[in-house]
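*Asks:* Here you go, one structure.
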Amino acid sequence: MIMSWCISRFANGSSEDPKRGMIDPKLFVIALRCGRLGNRLLLFANFMALAAEQGHRLMNVAFHSYAHLFEVTRRDVYCQYPAPPRRSVFDIFPGAGPAIRKTRILYHVIRAACRLSDRAPIFGKSVVTLHESHRRDFVTPLEGAEVQAKIREAKLVFVYGWRFHAPALVERHAAKIRAYFRPIQEYEIASRQAVERLRQQADIVVGVHIRLGDNYKWRGGRYYFQVPRYLEWMKQVAEQLPGRKVAFLVCSDEPRHAGEFPGFCVGPGPGSAVGDMYALAKCDYIFGPFSTFTQWASFYGEKPLFLLYSSNDHIKLEKFQVNYLDLPTSDFLDGESPHARG
């Protein structure tokens with residue numbers, strides 16, 4: 001049975017951390033795919049931070065759709081943290097790993113095991129499931145008392161949902177997380193070249209994330225801003241950098257052309273999700289509508305970010321800050337823009 005296998009393979013024994021004393025290690029298993037690249041990176045990274053802080057292990061086959069894009073996960077069919085010292089037989093045998101990722105067989109087995117465990121908890125407190133809260137005013141803190149009490153006696157912890165976070169732990173273990181999510185060379189080169197072309201013409205490169213597509217319907221279209229509005233925001237940024245040559249890296253989910261941004265030095269991103277994300281991470285500043293996409297770019301590149309919550313927002317350089325992958329509540333996303341308060 002999958003629960004017995006997980007416990008025996010990954011979570012047996014205990015380890016000692018000289019800073020924290022004896023640790024009862026657990027295996028966290030992400031059992032539900034949530035959203036696209038940005039959402040999955042945030043979920044993965046927040047649980048990675050918890051694992052690094054408390055000495056646990058993490059397995060995330062729900063990341064299979066994007067595993068081939070990163071140096072560590074493309075070599076490990078289980079998408080484990082910490083990365084294993086040796087590759088599994090599935091990763092060594094030619095074609096096995098890609099076939100497992102394509103069919104998502106491991107994901108479907110783990111998701112079914114999670115749901116079965118919820119209905120028939122035959123392993124008692126040794127196997128538990130963390131479910132996201134459906135409260136509009138709450139995101140579950142992983143280091144909080146409720147989560148820690150629930151997992152205290154567990155060996156295997158399924159994670160079902162994505163509204164969890166631990167921004168303080170993410171900041172503390174940021175270097176480990178960034179190292180784990182280094183993109184494959186193709187995207188590293190493409191993202192670097194996109195920004196370097198603009199640096200040849202400017203002192204400062206500002207990343208602009210123009211997200212249209214699904215934002216047309218998300219939250220009733222609240223975060224759907226037309227291109228002319230982005231042009232006004234670009235002007236606001238440039239005006240706050242007098243005497244500096246400013247260029248803008250424009251990344252969008254729809255084709256854009258320089259003629260839409262008259263008077264500005266503008267260049268496109270590489271055009272792929274990972275390429276654009278990691279190009280934004282190489283800019284000096286980033287702005288765009290609230291999105292886990294730009295949250296990750298800011299975190300990975302350690303670059304200050306300004307998130308837009310309303311078409312009436314006014315961009316101020318002093319309000320840019322590096323993001324540590326915290327999730328706002330639904331009430332916050334649907335409420336008054338925080339920038340309206342001054």
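Going through the structure tokens in order, the chains are called A, B, and so on, while each chain numbers its residues from 1 and the ligands are numbered from 1 in the order shown.
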Residues at most 8 Å from stretch 284-288 of chain A, counting only C-alpha atoms, excluding those fewer than 2 positions away in the same chain, as a CSV table (one decimal) with N, CA and C atoms, in the first residue's frame?

*Replies:*
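Output saved as selection_37.csv:
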chain,number,residue,atom,x,y,z
A,204,ILE,N,19.1,51.1,-15.7
A,204,ILE,CA,18.2,50.4,-14.9
A,204,ILE,C,17.2,49.6,-15.8
A,205,VAL,N,16.9,48.4,-15.5
A,205,VAL,CA,15.9,47.6,-16.2
A,205,VAL,C,14.8,47.3,-15.3
A,206,VAL,N,13.6,47.7,-15.7
A,206,VAL,CA,12.4,47.4,-14.9
A,206,VAL,C,11.6,46.3,-15.6
A,207,GLY,N,11.2,45.3,-14.9
A,207,GLY,CA,10.4,44.2,-15.4
A,207,GLY,C,8.9,44.6,-15.3
A,208,VAL,N,8.2,44.4,-16.4
A,208,VAL,CA,6.7,44.7,-16.4
A,208,VAL,C,6.0,43.4,-16.7
A,209,HIS,N,5.1,43.0,-15.9
A,209,HIS,CA,4.3,41.8,-16.1
A,209,HIS,C,2.9,42.2,-16.5
A,210,ILE,N,2.6,42.1,-17.8
A,210,ILE,CA,1.3,42.4,-18.3
A,210,ILE,C,0.5,41.1,-18.5
A,211,ARG,N,-0.3,40.9,-17.5
A,211,ARG,CA,-1.1,39.6,-17.5
A,211,ARG,C,-2.5,39.9,-17.9
A,280,LEU,N,12.4,38.3,-15.5
A,280,LEU,CA,11.9,39.3,-14.6
A,280,LEU,C,12.8,39.3,-13.3
A,281,ALA,N,13.2,38.1,-12.9
A,281,ALA,CA,14.1,38.0,-11.7
A,281,ALA,C,15.4,38.6,-11.9
A,282,LYS,N,15.8,38.9,-13.1
A,282,LYS,CA,17.1,39.6,-13.3
A,282,LYS,C,17.0,41.1,-13.5
A,290,PHE,N,-1.3,41.6,-9.0
A,290,PHE,CA,-1.0,40.5,-8.1
A,290,PHE,C,-0.9,39.2,-8.8
A,291,SER,N,0.1,38.4,-8.6
A,291,SER,CA,0.3,37.1,-9.3
A,291,SER,C,1.5,36.4,-8.6
A,294,THR,N,5.0,36.8,-10.5
A,294,THR,CA,5.9,37.9,-10.2
A,294,THR,C,6.4,37.7,-8.7
A,298,SER,N,10.4,37.9,-8.0
A,298,SER,CA,11.0,38.8,-7.0
A,298,SER,C,11.8,38.0,-6.0
A,303,LYS,N,14.7,40.7,-6.0
A,303,LYS,CA,14.5,42.0,-6.6
A,303,LYS,C,13.2,42.6,-6.0
A,304,PRO,N,13.2,43.9,-5.8
A,304,PRO,CA,12.0,44.5,-5.2
A,304,PRO,C,10.8,44.5,-6.2
A,305,LEU,N,9.6,44.3,-5.6
A,305,LEU,CA,8.4,44.1,-6.4
A,305,LEU,C,7.3,45.0,-5.9
A,306,PHE,N,6.5,45.5,-6.9
A,306,PHE,CA,5.4,46.3,-6.6
A,306,PHE,C,4.2,45.6,-7.2
A,307,LEU,N,3.3,45.1,-6.3
A,307,LEU,CA,2.1,44.4,-6.8
A,307,LEU,C,0.9,45.4,-6.9
A,308,LEU,N,0.2,45.3,-8.1
A,308,LEU,CA,-0.9,46.2,-8.4
A,308,LEU,C,-2.2,45.5,-8.0
A,320,PHE,N,8.4,49.4,-3.2
A,320,PHE,CA,8.9,48.1,-3.8
A,320,PHE,C,9.6,47.3,-2.7

*Asks:* Set the distance at 12 Å and use only C-alpha atoms: which residues neighbour A:Glu336 once local chain neighbours fewer than 2 positions away are removed? I'd like the list as a list in words.

*Replies:*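 Residues near the query, excluding close chain neighbours: Arg222, Leu308, Tyr309, Ser310, Ser311, Asn312, Asp313, Ser330, Asp331, Phe332, Leu333, Asp334, Pro338, His339, Ala340, Arg341 and Gly342 of chain A.
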
*Asks:* To one decimal in Å, tell me the separation between atom CA of A:Thr329 and atom CA of A:Tyr278.

*Replies:* 26.0 Å

*Asks:* I'd like the contact shell of stretch 251-259 of chain A - 10 Å cut-off, only C-alpha atoms, skipping same-chain residues fewer than 6 positions apart - returned as a list in words.

*Replies:* Gly207, Val208, His209, Ile210, Arg211, Leu212, Gly213, Asp214, Val227, Cys265, Val266, Gly267, Pro268, Gly269, Pro270, Gly271, Ser272, Ala273, Gly275, Asp276, Met277, Ala279, Leu280 and Gly288 of chain A

*Asks:* Those same residues, written as a CSV table (one decimal), in the first residue's frame with C-alpha atoms?

*Replies:*
chain,number,residue,atom,x,y,z
A,207,GLY,CA,10.4,44.2,-15.4
A,208,VAL,CA,6.7,44.7,-16.4
A,209,HIS,CA,4.3,41.8,-16.1
A,210,ILE,CA,1.3,42.4,-18.3
A,211,ARG,CA,-1.1,39.6,-17.5
A,212,LEU,CA,-4.3,39.7,-19.5
A,213,GLY,CA,-5.7,36.2,-20.4
A,214,ASP,CA,-7.2,34.6,-17.3
A,227,VAL,CA,-2.0,48.1,-21.9
A,265,CYS,CA,13.2,51.6,-24.5
A,266,VAL,CA,11.3,48.3,-24.4
A,267,GLY,CA,12.3,44.7,-24.9
A,268,PRO,CA,10.4,41.4,-24.8
A,269,GLY,CA,10.9,38.5,-22.5
A,270,PRO,CA,12.0,35.2,-23.9
A,271,GLY,CA,8.4,34.2,-24.5
A,272,SER,CA,8.1,31.1,-22.3
A,273,ALA,CA,6.7,30.9,-18.8
A,275,GLY,CA,12.1,32.2,-19.5
A,276,ASP,CA,9.9,35.2,-18.7
A,277,MET,CA,9.8,34.5,-15.0
A,279,ALA,CA,14.1,37.2,-16.9
A,280,LEU,CA,11.9,39.3,-14.6
A,288,GLY,CA,2.5,43.9,-12.3

*Asks:* Counting only C-alpha atoms, which residue out of A:His68, A:Ala149, A:Ala31, A:Ser126 sits closest to A:Val109?

*Replies:*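 The shortest atom-to-atom distance to A:Val109 comes from A:Ala31.
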
*Asks:* Write down as a PyMOL selection string the residues of stretch 29-255 of chain A whose backbone DSSP state falls under helix (DSSP H, G or I).

*Replies:* chain A and resi 37-54+61-67+73-75+89-92+96-103+105-119+124-126+145-151+167-172+174-180+185-199+213-216+218-221+227-239

*Asks:* Separation of atom CA of A:Ala297 and atom CA of A:Asp76, in Å?

*Replies:* 23.6 Å

*Asks:* Hey, what does DSSP flag as strand (DSSP E or B) within stretch 18-55 of chain A? Can you give it to me as a PyMOL selection string?

*Replies:* chain A and resi 21-23+27-30

*Asks:* In terms of the shortest atom-to-atom distance over only C-alpha atoms, which of A:Gly144, A:Gly97, A:Gly243, A:Gly335 is closest to A:Cys79?

*Replies:* A:Gly97

*Asks:* Here is a test: counting only C-alpha atoms, which residue of A:Leu169, A:Val77, A:Met234, A:Val29 is nearest to A:Lys102?

*Replies:*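 Of A:Leu169, A:Val77, A:Met234, A:Val29, the one nearest A:Lys102, counting only C-alpha atoms, is A:Val77.
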
*Asks:* Pick the closest to A:Val127 from A:Leu27, A:Leu249, A:Ile105, A:Leu32: which is it, counting only C-alpha atoms?

*Replies:* A:Leu27

*Asks:* What does the distance from atom CA of A:Cys114 to atom CA of A:Asn60 come to in Å, to one decimal?

*Replies:*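 Atom-to-atom, atom CA of A:Cys114 to atom CA of A:Asn60, that is 13.2 Å.
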
*Asks:* Between A:Phe123, A:Phe158, A:Trp296, A:Phe93, which residue has the minimum interatomic distance to A:Arg111, considering only C-alpha atoms?

*Replies:*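 The answer is A:Phe158, which sits nearest to A:Arg111.
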
*Asks:* Which is closest to A:Glu186 among A:Ala99, A:Leu42, A:Val274, A:Val237, if we use only C-alpha atoms?

*Replies:*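 Closest residue, counting only C-alpha atoms: A:Val274.
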
*Asks:* Just the residues within 9 Å of A:Val170, please, counting only C-alpha atoms, with nothing from its chain fewer than 5 positions along; format it as a ChimeraX atom specification.

*Replies:* /A:45-50,165,177,324-326
